[in-house]
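Heads up, protein-v6.cif below (mmCIF, C-alpha atoms):
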data_entry
loop_
_atom_site.group_PDB
_atom_site.id
_atom_site.type_symbol
_atom_site.label_atom_id
_atom_site.label_comp_id
_atom_site.auth_asym_id
_atom_site.auth_seq_id
_atom_site.Cartn_x
_atom_site.Cartn_y
_atom_site.Cartn_z
ATOM 1 C CA MET A 1 0.000 0.000 0.000
ATOM 2 C CA LEU A 2 3.003 2.282 0.494
ATOM 3 C CA PRO A 3 5.365 3.370 -2.318
ATOM 4 C CA TRP A 4 8.360 1.523 -0.858
ATOM 5 C CA THR A 5 6.521 -1.807 -0.485
ATOM 6 C CA TYR A 6 6.681 -4.624 -3.018
ATOM 7 C CA GLY A 7 3.841 -4.682 -5.521
ATOM 8 C CA PHE A 8 2.829 -1.043 -5.054
ATOM 9 C CA HIS A 9 0.663 0.433 -7.839
ATOM 10 C CA TRP A 10 -0.603 3.965 -8.223
ATOM 11 C CA ASN A 11 -4.393 4.334 -8.364
ATOM 12 C CA VAL A 12 -7.114 6.574 -6.944
ATOM 13 C CA GLY A 13 -7.338 4.556 -3.727
ATOM 14 C CA THR A 14 -3.635 4.733 -2.995
ATOM 15 C CA VAL A 15 -3.544 8.473 -3.690
ATOM 16 C CA ILE A 16 -6.392 9.063 -1.215
ATOM 17 C CA PHE A 17 -4.786 6.777 1.368
ATOM 18 C CA LEU A 18 -1.359 8.378 1.047
ATOM 19 C CA GLY A 19 -2.850 11.874 1.229
ATOM 20 C CA ALA A 20 -4.648 11.029 4.472
ATOM 21 C CA PHE A 21 -1.616 9.185 5.862
ATOM 22 C CA TYR A 22 0.822 12.028 5.291
ATOM 23 C CA THR A 23 -1.699 14.625 6.491
ATOM 24 C CA VAL A 24 -1.914 12.792 9.821
ATOM 25 C CA LEU A 25 1.890 12.627 10.012
ATOM 26 C CA VAL A 26 2.191 16.368 9.360
ATOM 27 C CA VAL A 27 -0.453 17.170 11.994
ATOM 28 C CA LEU A 28 1.279 14.959 14.577
ATOM 29 C CA ALA A 29 4.703 16.414 13.814
ATOM 30 C CA THR A 30 3.372 19.982 13.996
ATOM 31 C CA THR A 31 1.635 19.283 17.309
ATOM 32 C CA LEU A 32 4.783 17.744 18.820
ATOM 33 C CA ILE A 33 6.989 20.603 17.637
ATOM 34 C CA ALA A 34 4.548 23.214 18.972
ATOM 35 C CA ALA A 35 4.317 21.407 22.320
ATOM 36 C CA ALA A 36 8.095 21.201 22.572
ATOM 37 C CA TRP A 37 8.442 24.902 21.759
ATOM 38 C CA ARG A 38 5.827 25.863 24.365
ATOM 39 C CA SER A 39 7.505 23.656 26.974
ATOM 40 C CA ARG A 40 10.889 25.210 26.261
ATOM 41 C CA HIS A 41 9.419 28.697 26.432
ATOM 42 C CA ALA A 42 7.726 27.881 29.738
ATOM 43 C CA LEU A 43 10.932 26.467 31.190
ATOM 44 C CA ARG A 44 12.800 29.622 30.254
ATOM 45 C CA GLY A 45 10.128 31.987 31.483
ATOM 46 C CA ARG A 46 8.161 32.565 34.620
ATOM 47 C CA LYS A 47 5.539 30.016 33.782
ATOM 48 C CA THR A 48 7.798 27.403 35.350
ATOM 49 C CA GLU A 49 7.479 29.157 38.696
ATOM 50 C CA GLU A 50 3.761 29.683 38.203
ATOM 51 C CA ILE A 51 3.199 26.030 37.376
ATOM 52 C CA ARG A 52 5.240 24.949 40.386
ATOM 53 C CA TRP A 53 3.412 27.301 42.748
ATOM 54 C CA HIS A 54 -0.041 26.213 41.606
ATOM 55 C CA SER A 55 1.025 22.586 42.032
ATOM 56 C CA ASP A 56 2.395 23.305 45.525
ATOM 57 C CA PHE A 57 -0.693 25.308 46.451
ATOM 58 C CA HIS A 58 -3.046 22.482 45.554
ATOM 59 C CA ASP A 59 -0.872 20.068 47.547
ATOM 60 C CA LEU A 60 -1.546 22.094 50.697
ATOM 61 C CA THR A 61 -4.263 20.780 52.972
ATOM 62 C CA PRO A 62 -7.686 22.476 52.690
ATOM 63 C CA ARG A 63 -7.060 24.013 56.131
ATOM 64 C CA ASP A 64 -3.905 25.688 54.821
ATOM 65 C CA ARG A 65 -5.607 27.060 51.689
ATOM 66 C CA VAL A 66 -8.290 29.051 53.505
ATOM 67 C CA CYS A 67 -9.198 32.532 52.340
ATOM 68 C CA ARG A 68 -7.734 35.433 54.313
ATOM 69 C CA HIS A 69 -11.274 36.536 55.209
ATOM 70 C CA VAL A 70 -11.790 33.249 57.049
ATOM 71 C CA LEU A 71 -8.727 34.024 59.170
ATOM 72 C CA THR A 72 -10.236 37.358 60.199
ATOM 73 C CA GLY A 73 -13.702 35.931 60.853
ATOM 74 C CA GLU A 74 -15.341 37.831 58.006
ATOM 75 C CA LEU A 75 -16.275 34.524 56.352
ATOM 76 C CA GLN A 76 -17.005 31.191 57.991
ATOM 77 C CA HIS A 77 -15.616 28.915 55.290
ATOM 78 C CA ARG A 78 -13.915 29.526 51.962
ATOM 79 C CA GLU A 79 -10.854 28.122 50.260
ATOM 80 C CA CYS A 80 -8.789 30.613 48.300
ATOM 81 C CA PRO A 81 -9.439 30.011 44.575
ATOM 82 C CA ASN A 82 -6.574 32.262 43.465
ATOM 83 C CA ALA A 83 -3.524 30.643 45.098
ATOM 84 C CA PHE A 84 -3.153 33.551 47.549
ATOM 85 C CA ASP A 85 -3.134 36.192 44.805
ATOM 86 C CA CYS A 86 -6.006 38.441 45.879
ATOM 87 C CA ARG A 87 -5.368 41.255 43.426
ATOM 88 C CA ASP A 88 -8.008 40.164 40.924
ATOM 89 C CA CYS A 89 -10.337 38.440 43.396
ATOM 90 C CA GLU A 90 -13.910 39.758 43.295
ATOM 91 C CA THR A 91 -14.610 38.549 46.830
ATOM 92 C CA HIS A 92 -11.604 40.392 48.229
ATOM 93 C CA ALA A 93 -12.492 43.484 46.218
ATOM 94 C CA GLY A 94 -15.970 43.401 47.767
ATOM 95 C CA PHE A 95 -14.528 43.355 51.273
ATOM 96 C CA SER A 96 -12.078 46.108 50.345
ATOM 97 C CA GLU A 97 -15.011 48.392 49.527
ATOM 98 C CA LYS A 98 -16.338 47.989 53.066
ATOM 99 C CA PRO A 99 -14.874 49.822 56.072
ATOM 100 C CA PRO A 100 -11.518 48.172 56.873
ATOM 101 C CA LEU A 101 -10.897 46.098 59.947
ATOM 102 C CA GLU A 102 -10.194 48.169 63.023
ATOM 103 C CA PRO A 103 -6.457 48.860 62.836
ATOM 104 C CA PRO A 104 -4.397 47.884 65.893
ATOM 105 C CA ALA A 105 -3.593 50.755 68.231
ATOM 106 C CA GLU A 106 -0.014 49.521 68.607
ATOM 107 C CA SER A 107 2.738 49.823 66.023
ATOM 108 C CA GLU A 108 3.514 46.115 66.168
ATOM 109 C CA VAL A 109 1.832 42.840 66.953
ATOM 110 C CA LYS A 110 3.411 40.894 69.812
ATOM 111 C CA ILE A 111 2.474 37.262 70.125
ATOM 112 C CA SER A 112 4.194 34.387 71.980
ATOM 113 C CA GLY A 113 7.271 36.487 72.591
ATOM 114 C CA MET A 114 7.622 37.486 68.931
ATOM 115 C CA SER A 115 7.307 40.929 67.383
ATOM 116 C CA PHE A 116 5.712 41.714 64.006
ATOM 117 C CA PRO A 117 5.985 45.431 63.070
ATOM 118 C CA LEU A 118 2.958 46.901 61.309
ATOM 119 C CA ASP A 119 4.954 49.265 59.077
ATOM 120 C CA ARG A 120 5.101 46.391 56.589
ATOM 121 C CA MET A 121 2.891 43.770 54.961
ATOM 122 C CA TYR A 122 3.117 40.009 55.327
ATOM 123 C CA HIS A 123 3.029 37.103 52.899
ATOM 124 C CA ARG A 124 1.599 33.817 54.111
ATOM 125 C CA GLY A 125 4.941 32.160 53.394
ATOM 126 C CA HIS A 126 6.473 34.188 56.285
ATOM 127 C CA THR A 127 8.154 36.969 54.381
ATOM 128 C CA TRP A 128 7.413 40.656 54.849
ATOM 129 C CA VAL A 129 7.389 43.576 52.409
ATOM 130 C CA ARG A 130 7.999 47.248 53.242
ATOM 131 C CA ARG A 131 7.537 50.048 50.740
ATOM 132 C CA GLU A 132 10.454 52.445 50.319
ATOM 133 C CA ARG A 133 10.388 56.043 49.141
ATOM 134 C CA ASP A 134 12.503 55.307 46.063
ATOM 135 C CA GLY A 135 9.819 53.025 44.585
ATOM 136 C CA THR A 136 11.454 49.785 45.698
ATOM 137 C CA VAL A 137 10.316 47.366 48.366
ATOM 138 C CA THR A 138 12.402 45.677 51.025
ATOM 139 C CA VAL A 139 11.777 41.976 51.612
ATOM 140 C CA GLY A 140 12.623 40.134 54.805
ATOM 141 C CA LEU A 141 11.800 37.019 56.785
ATOM 142 C CA ASP A 142 9.338 37.460 59.648
ATOM 143 C CA GLU A 143 10.249 36.457 63.192
ATOM 144 C CA LEU A 144 8.407 33.161 63.119
ATOM 145 C CA GLY A 145 10.232 32.268 59.926
ATOM 146 C CA ARG A 146 13.585 33.207 61.493
ATOM 147 C CA ARG A 147 12.882 31.092 64.552
ATOM 148 C CA LEU A 148 11.897 28.138 62.428
ATOM 149 C CA LEU A 149 15.175 28.283 60.524
ATOM 150 C CA GLY A 150 17.227 29.026 63.617
ATOM 151 C CA SER A 151 20.783 30.302 63.701
ATOM 152 C CA ALA A 152 22.675 27.607 61.797
ATOM 153 C CA VAL A 153 21.475 28.630 58.343
ATOM 154 C CA SER A 154 23.138 29.116 54.965
ATOM 155 C CA MET A 155 21.389 31.279 52.406
ATOM 156 C CA GLU A 156 21.394 31.197 48.613
ATOM 157 C CA LEU A 157 20.283 34.672 47.542
ATOM 158 C CA PRO A 158 19.530 35.653 43.928
ATOM 159 C CA PRO A 159 21.966 37.945 42.088
ATOM 160 C CA ARG A 160 21.240 41.577 41.301
ATOM 161 C CA GLY A 161 19.102 41.902 38.211
ATOM 162 C CA HIS A 162 17.375 38.573 38.802
ATOM 163 C CA ARG A 163 13.634 38.694 38.128
ATOM 164 C CA LEU A 164 11.365 37.321 40.816
ATOM 165 C CA SER A 165 7.904 35.929 40.201
ATOM 166 C CA LEU A 166 5.121 36.271 42.772
ATOM 167 C CA ASN A 167 4.945 33.005 44.730
ATOM 168 C CA GLY A 168 8.030 31.755 42.914
ATOM 169 C CA THR A 169 11.410 31.250 44.564
ATOM 170 C CA ALA A 170 12.785 34.316 46.338
ATOM 171 C CA TRP A 171 15.803 32.588 47.880
ATOM 172 C CA ARG A 172 16.774 29.284 49.456
ATOM 173 C CA ALA A 173 17.811 28.539 53.018
ATOM 174 C CA ARG A 174 19.486 25.440 54.400
ATOM 175 C CA ARG A 175 19.593 24.221 57.968
ATOM 176 C CA ARG A 176 21.627 21.035 58.287
ATOM 177 C CA LYS A 177 20.012 18.681 55.743
ATOM 178 C CA THR A 178 16.801 20.643 55.370
ATOM 179 C CA GLU A 179 16.530 22.953 52.362
ATOM 180 C CA VAL A 180 13.728 25.494 52.345
ATOM 181 C CA ARG A 181 12.454 27.442 49.350
ATOM 182 C CA ILE A 182 11.370 30.895 50.516
ATOM 183 C CA VAL A 183 8.364 32.002 48.484
ATOM 184 C CA SER A 184 8.599 35.439 46.880
ATOM 185 C CA PRO A 185 5.967 37.931 48.074
ATOM 186 C CA VAL A 186 6.288 40.123 44.960
ATOM 187 C CA SER A 187 7.228 40.093 41.282
ATOM 188 C CA GLY A 188 10.064 42.327 40.194
ATOM 189 C CA LYS A 189 13.801 42.809 39.696
ATOM 190 C CA VAL A 190 16.296 42.370 42.515
ATOM 191 C CA VAL A 191 18.309 45.572 42.992
ATOM 192 C CA SER A 192 20.342 44.548 46.061
ATOM 193 C CA THR A 193 20.701 41.759 48.586
ATOM 194 C CA GLY A 194 21.184 41.695 52.335
ATOM 195 C CA GLY A 195 21.164 38.739 54.707
ATOM 196 C CA PRO A 196 20.376 37.633 58.275
ATOM 197 C CA ASP A 197 22.852 40.095 59.789
ATOM 198 C CA GLN A 198 21.039 43.015 58.134
ATOM 199 C CA GLU A 199 17.533 41.780 59.061
ATOM 200 C CA TRP A 200 16.444 42.043 55.420
ATOM 201 C CA TYR A 201 17.244 39.905 52.419
ATOM 202 C CA LEU A 202 16.223 41.615 49.182
ATOM 203 C CA LYS A 203 15.442 45.028 47.785
ATOM 204 C CA VAL A 204 13.184 44.661 44.768
ATOM 205 C CA ARG A 205 11.811 47.034 42.174
ATOM 206 C CA PRO A 206 8.311 45.580 41.764
ATOM 207 C CA GLU A 207 6.602 45.269 38.416
ATOM 208 C CA ARG A 208 3.392 46.622 39.905
ATOM 209 C CA MET A 209 3.068 48.383 43.224
ATOM 210 C CA ASP A 210 -0.110 46.447 43.933
ATOM 211 C CA LEU A 211 0.262 44.679 47.261
ATOM 212 C CA ARG A 212 -3.363 43.792 47.933
ATOM 213 C CA HIS A 213 -2.453 40.117 48.148
ATOM 214 C CA LEU A 214 -0.408 40.749 51.311
ATOM 215 C CA LEU A 215 -1.727 40.867 54.881
ATOM 216 C CA SER A 216 -1.580 44.066 56.905
ATOM 217 C CA GLY A 217 -3.028 45.907 59.885
ATOM 218 C CA GLY A 218 -5.840 44.085 61.643
ATOM 219 C CA GLU A 219 -5.290 40.933 59.581
ATOM 220 C CA VAL A 220 -1.864 40.189 61.037
ATOM 221 C CA ARG A 221 -2.805 39.013 64.546
ATOM 222 C CA PRO A 222 -5.515 36.493 63.540
ATOM 223 C CA TRP A 223 -3.246 35.141 60.804
ATOM 224 C CA LEU A 224 -0.396 34.654 63.277
ATOM 225 C CA ALA A 225 -2.685 32.919 65.764
ATOM 226 C CA THR A 226 -3.623 30.495 63.005
ATOM 227 C CA GLU A 227 0.031 29.991 62.081
ATOM 228 C CA LEU A 228 1.006 29.158 65.650
ATOM 229 C CA HIS A 229 -1.791 26.611 65.781
ATOM 230 C CA ARG A 230 -0.573 25.089 62.501
ATOM 231 C CA LEU A 231 2.953 24.950 63.925
ATOM 232 C CA ASP A 232 1.785 23.158 67.061
ATOM 233 C CA LEU A 233 -0.081 20.624 64.936
ATOM 234 C CA VAL A 234 2.830 19.840 62.631
ATOM 235 C CA LEU A 235 5.323 19.685 65.513
ATOM 236 C CA SER A 236 3.055 17.300 67.389
ATOM 237 C CA ALA A 237 2.609 15.160 64.281
ATOM 238 C CA THR A 238 6.329 14.907 63.479
ATOM 239 C CA SER A 239 7.905 14.764 66.935
ATOM 240 C CA ALA A 240 7.651 12.342 69.837
ATOM 241 C CA ALA A 241 7.616 15.275 72.264
ATOM 242 C CA PRO A 242 4.645 17.665 72.596
ATOM 243 C CA ALA A 243 5.020 21.130 71.076
ATOM 244 C CA GLU A 244 3.927 23.067 74.166
ATOM 245 C CA GLY A 245 5.566 26.460 74.391
ATOM 246 C CA SER A 246 7.534 25.941 71.198
ATOM 247 C CA VAL A 247 6.897 29.363 69.703
ATOM 248 C CA SER A 248 8.227 31.234 72.746
ATOM 249 C CA ILE A 249 11.732 29.737 72.255
ATOM 250 C CA ALA A 250 14.305 31.583 70.179
ATOM 251 C CA ASP A 251 15.380 28.517 68.186
ATOM 252 C CA ILE A 252 12.417 26.206 67.626
ATOM 253 C CA ALA A 253 14.440 23.654 65.674
ATOM 254 C CA ALA A 254 17.004 23.267 68.467
ATOM 255 C CA SER A 255 14.249 22.707 71.018
ATOM 256 C CA HIS A 256 12.619 19.947 68.913
ATOM 257 C CA PRO A 257 15.543 17.898 67.569
ATOM 258 C CA GLN A 258 13.347 14.845 66.959
ATOM 259 C CA ALA A 259 10.923 16.673 64.684
ATOM 260 C CA ASP A 260 10.888 16.036 60.948
ATOM 261 C CA TRP A 261 12.131 19.448 59.841
ATOM 262 C CA ASP A 262 11.593 18.761 56.173
ATOM 263 C CA ALA A 263 7.902 18.338 56.996
ATOM 264 C CA VAL A 264 7.735 21.226 59.487
ATOM 265 C CA CYS A 265 9.393 23.728 57.164
ATOM 266 C CA GLY A 266 7.465 22.383 54.202
ATOM 267 C CA VAL A 267 4.165 23.132 55.908
ATOM 268 C CA MET A 268 5.114 26.506 57.394
ATOM 269 C CA PHE A 269 6.938 27.856 54.306
ATOM 270 C CA LEU A 270 4.308 26.555 51.841
ATOM 271 C CA ASN A 271 6.584 23.882 50.348
ATOM 272 C CA PRO A 272 4.388 20.771 50.649
#

Kindly transcribe the structure held in the file into structure tokens.
Amino acid sequence: MLPWTYGFHWNVGTVIFLGAFYTVLVVLATTLIAAAWRSRHALRGRKTEEIRWHSDFHDLTPRDRVCRHVLTGELQHRECPNAFDCRDCETHAGFSEKPPLEPPAESEVKISGMSFPLDRMYHRGHTWVRRERDGTVTVGLDELGRRLLGSAVSMELPPRGHRLSLNGTAWRARRRKTEVRIVSPVSGKVVSTGGPDQEWYLKVRPERMDLRHLLSGGEVRPWLATELHRLDLVLSATSAAPAEGSVSIADIAASHPQADWDAVCGVMFLNP
């Protein structure tokens, strides 16, 4: 039936068959080439980070994916449908049109011996963002995040000029054998880097100064209360010893040496 087979003869039937056969081959080849090109483009671009984050987000437990308005008591039950990116969320926009939550009278939230200044905004992966007058933002690790990682930490910070993607990788931290991917609270270009000794890690020129996806003001305390409860649960589940009083200790990891720190940091830093 094919030209290279023995006994092949040209006729109307073979012409129709060969036309259909080679059309299918061309369609398949075109589809494969287009898929390969799209995959390569995605790997080179930010879609890799986006795909990874959406995969990680859906691997979180339903309890960990709750909407921010559940944390504050404004809603009874709702899972976030936008992977913690509230900027285009109609539900969040509706709450934003209402009078805001009563702002705390203090300039910082103090909880379980930890301090969380309110001159900045917080990402649910335990980073904070502070606007600067020059149009950049400073990014740091909040106190609960610092206590989780403890003192014996090595950091792998991005170089200047590196472009961050919201909820992609901001930097990596390692404590002993545990590697943690710190989730970026903003998209933008890194303009300088700091470190633990400077109490901040990155200065970023954001692509859009739209920080509605971050927690601030009256949202911070109820979020932290939920985070401490999550920490107690994961410590209890991964350690033979109870997690009582864990968050009031400067180095949580040192006080719970039997805990599975891959699991603990995975839960708390949104790396399931």

Given the PyMOL selection byres ((chain A and resi 108) around 6) and the file above, list the residues it selects as a PDB file with C-alpha atoms, in the frame of the given file.
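In the end it all went to out02.pdb:
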ATOM      1  CA  GLU A 106      -0.014  49.521  68.607  1.00  0.00           C
ATOM      2  CA  SER A 107       2.738  49.823  66.023  1.00  0.00           C
ATOM      3  CA  VAL A 109       1.832  42.840  66.953  1.00  0.00           C
ATOM      4  CA  PHE A 116       5.712  41.714  64.006  1.00  0.00           C
ATOM      5  CA  PRO A 117       5.985  45.431  63.070  1.00  0.00           C
ATOM      6  CA  LEU A 118       2.958  46.901  61.309  1.00  0.00           C
TER       7      LEU A 118
END

Taking the file as I've supplied it (selection: the PyMOL selection byres ((chain A and resi 162-178) around 6)), which residues are included? Please answer as a PDB file with C-alpha atoms, keeping the file's coordinate frame.
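Done, and the output landed in out18.pdb:
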ATOM      1  CA  GLU A  49       7.479  29.157  38.696  1.00  0.00           C
ATOM      2  CA  ALA A 152      22.675  27.607  61.797  1.00  0.00           C
ATOM      3  CA  VAL A 153      21.475  28.630  58.343  1.00  0.00           C
ATOM      4  CA  SER A 154      23.138  29.116  54.965  1.00  0.00           C
ATOM      5  CA  MET A 155      21.389  31.279  52.406  1.00  0.00           C
ATOM      6  CA  GLU A 156      21.394  31.197  48.613  1.00  0.00           C
ATOM      7  CA  LEU A 157      20.283  34.672  47.542  1.00  0.00           C
ATOM      8  CA  PRO A 159      21.966  37.945  42.088  1.00  0.00           C
ATOM      9  CA  ARG A 160      21.240  41.577  41.301  1.00  0.00           C
ATOM     10  CA  GLY A 161      19.102  41.902  38.211  1.00  0.00           C
ATOM     11  CA  GLU A 179      16.530  22.953  52.362  1.00  0.00           C
ATOM     12  CA  VAL A 180      13.728  25.494  52.345  1.00  0.00           C
ATOM     13  CA  ARG A 181      12.454  27.442  49.350  1.00  0.00           C
ATOM     14  CA  ILE A 182      11.370  30.895  50.516  1.00  0.00           C
ATOM     15  CA  VAL A 183       8.364  32.002  48.484  1.00  0.00           C
ATOM     16  CA  SER A 184       8.599  35.439  46.880  1.00  0.00           C
ATOM     17  CA  PRO A 185       5.967  37.931  48.074  1.00  0.00           C
ATOM     18  CA  VAL A 186       6.288  40.123  44.960  1.00  0.00           C
ATOM     19  CA  SER A 187       7.228  40.093  41.282  1.00  0.00           C
ATOM     20  CA  GLY A 188      10.064  42.327  40.194  1.00  0.00           C
ATOM     21  CA  LYS A 189      13.801  42.809  39.696  1.00  0.00           C
ATOM     22  CA  VAL A 190      16.296  42.370  42.515  1.00  0.00           C
ATOM     23  CA  ASP A 262      11.593  18.761  56.173  1.00  0.00           C
TER      24      ASP A 262
END

Requested in this report: May I ask which of the residues A:Gly125, A:Gly19, A:Gly150, A:Gly13 is the closest one to A:Trp261, counting all atoms listed in the file?
Outcome: A:Gly150

Query raised in the report: So which residues touch A:Tyr122 within 10 Å, counting only C-alpha atoms, skipping near sequence neighbours fewer than 4 positions away, as a list of chain:residue names?
Result: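 Here the qualifying residues turn out to be A:Phe116, A:Pro117, A:Leu118, A:His126, A:Thr127, A:Trp128, A:Val129, A:Arg130, A:Val139, A:Gly140, A:Leu141, A:Asp142, A:Pro185, A:Leu211, A:His213, A:Leu214, A:Leu215, A:Ser216, A:Gly217, A:Glu219, A:Val220, A:Trp223.
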
Requested in this report: Can you work out which one of A:Cys86, A:Pro272, A:Thr72, A:Cys265 has the shortest atom-to-atom distance to A:Leu224, counting all atoms listed in the file?
Outcome: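 Nearest candidate to A:Leu224 out of A:Cys86, A:Pro272, A:Thr72, A:Cys265: A:Thr72.
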
Query raised in the report: Which one of A:Ile111, A:Leu149, A:Val137, A:Leu144 sits closest to A:Leu202 if you count only C-alpha atoms?
Result: A:Val137

Stretch 177-195 of chain A from the block above: N, CA and C atoms written as a short mmCIF file (atom, residue, chain, number, x, y, z; two decimals), in the first residue's frame:
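Result went into part-v3.cif, see below:
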data_model
loop_
_atom_site.label_atom_id
_atom_site.label_comp_id
_atom_site.auth_asym_id
_atom_site.auth_seq_id
_atom_site.Cartn_x
_atom_site.Cartn_y
_atom_site.Cartn_z
N LYS A 177 20.38 19.37 56.97
CA LYS A 177 20.01 18.68 55.74
C LYS A 177 18.70 19.18 55.15
N THR A 178 18.10 20.14 55.82
CA THR A 178 16.80 20.64 55.37
C THR A 178 16.98 21.87 54.49
N GLU A 179 16.51 21.80 53.26
CA GLU A 179 16.53 22.95 52.36
C GLU A 179 15.12 23.51 52.24
N VAL A 180 15.01 24.82 52.38
CA VAL A 180 13.73 25.49 52.34
C VAL A 180 13.71 26.49 51.20
N ARG A 181 12.65 26.45 50.41
CA ARG A 181 12.45 27.44 49.35
C ARG A 181 11.58 28.55 49.91
N ILE A 182 12.13 29.75 50.01
CA ILE A 182 11.37 30.89 50.52
C ILE A 182 10.57 31.48 49.36
N VAL A 183 9.27 31.57 49.55
CA VAL A 183 8.36 32.00 48.48
C VAL A 183 8.40 33.52 48.35
N SER A 184 8.51 34.00 47.12
CA SER A 184 8.60 35.44 46.88
C SER A 184 7.25 36.12 47.09
N PRO A 185 7.22 37.21 47.85
CA PRO A 185 5.97 37.93 48.07
C PRO A 185 5.61 38.92 46.97
N VAL A 186 6.52 39.16 46.04
CA VAL A 186 6.29 40.12 44.96
C VAL A 186 6.94 39.64 43.67
N SER A 187 6.53 40.25 42.55
CA SER A 187 7.23 40.09 41.28
C SER A 187 8.06 41.34 41.04
N GLY A 188 9.25 41.16 40.48
CA GLY A 188 10.06 42.33 40.19
C GLY A 188 11.53 41.96 40.05
N LYS A 189 12.37 42.99 39.91
CA LYS A 189 13.80 42.81 39.70
C LYS A 189 14.57 43.10 40.97
N VAL A 190 15.47 42.20 41.32
CA VAL A 190 16.30 42.37 42.51
C VAL A 190 17.31 43.48 42.26
N VAL A 191 17.35 44.48 43.15
CA VAL A 191 18.31 45.57 42.99
C VAL A 191 19.46 45.48 44.00
N SER A 192 19.25 44.78 45.12
CA SER A 192 20.34 44.55 46.06
C SER A 192 19.94 43.43 47.01
N THR A 193 20.95 42.86 47.67
CA THR A 193 20.70 41.76 48.59
C THR A 193 21.32 42.06 49.94
N GLY A 194 20.68 41.53 50.97
CA GLY A 194 21.18 41.70 52.33
C GLY A 194 21.53 40.34 52.92
N GLY A 195 20.90 40.02 54.05
CA GLY A 195 21.16 38.74 54.71
C GLY A 195 20.71 38.78 56.14
#
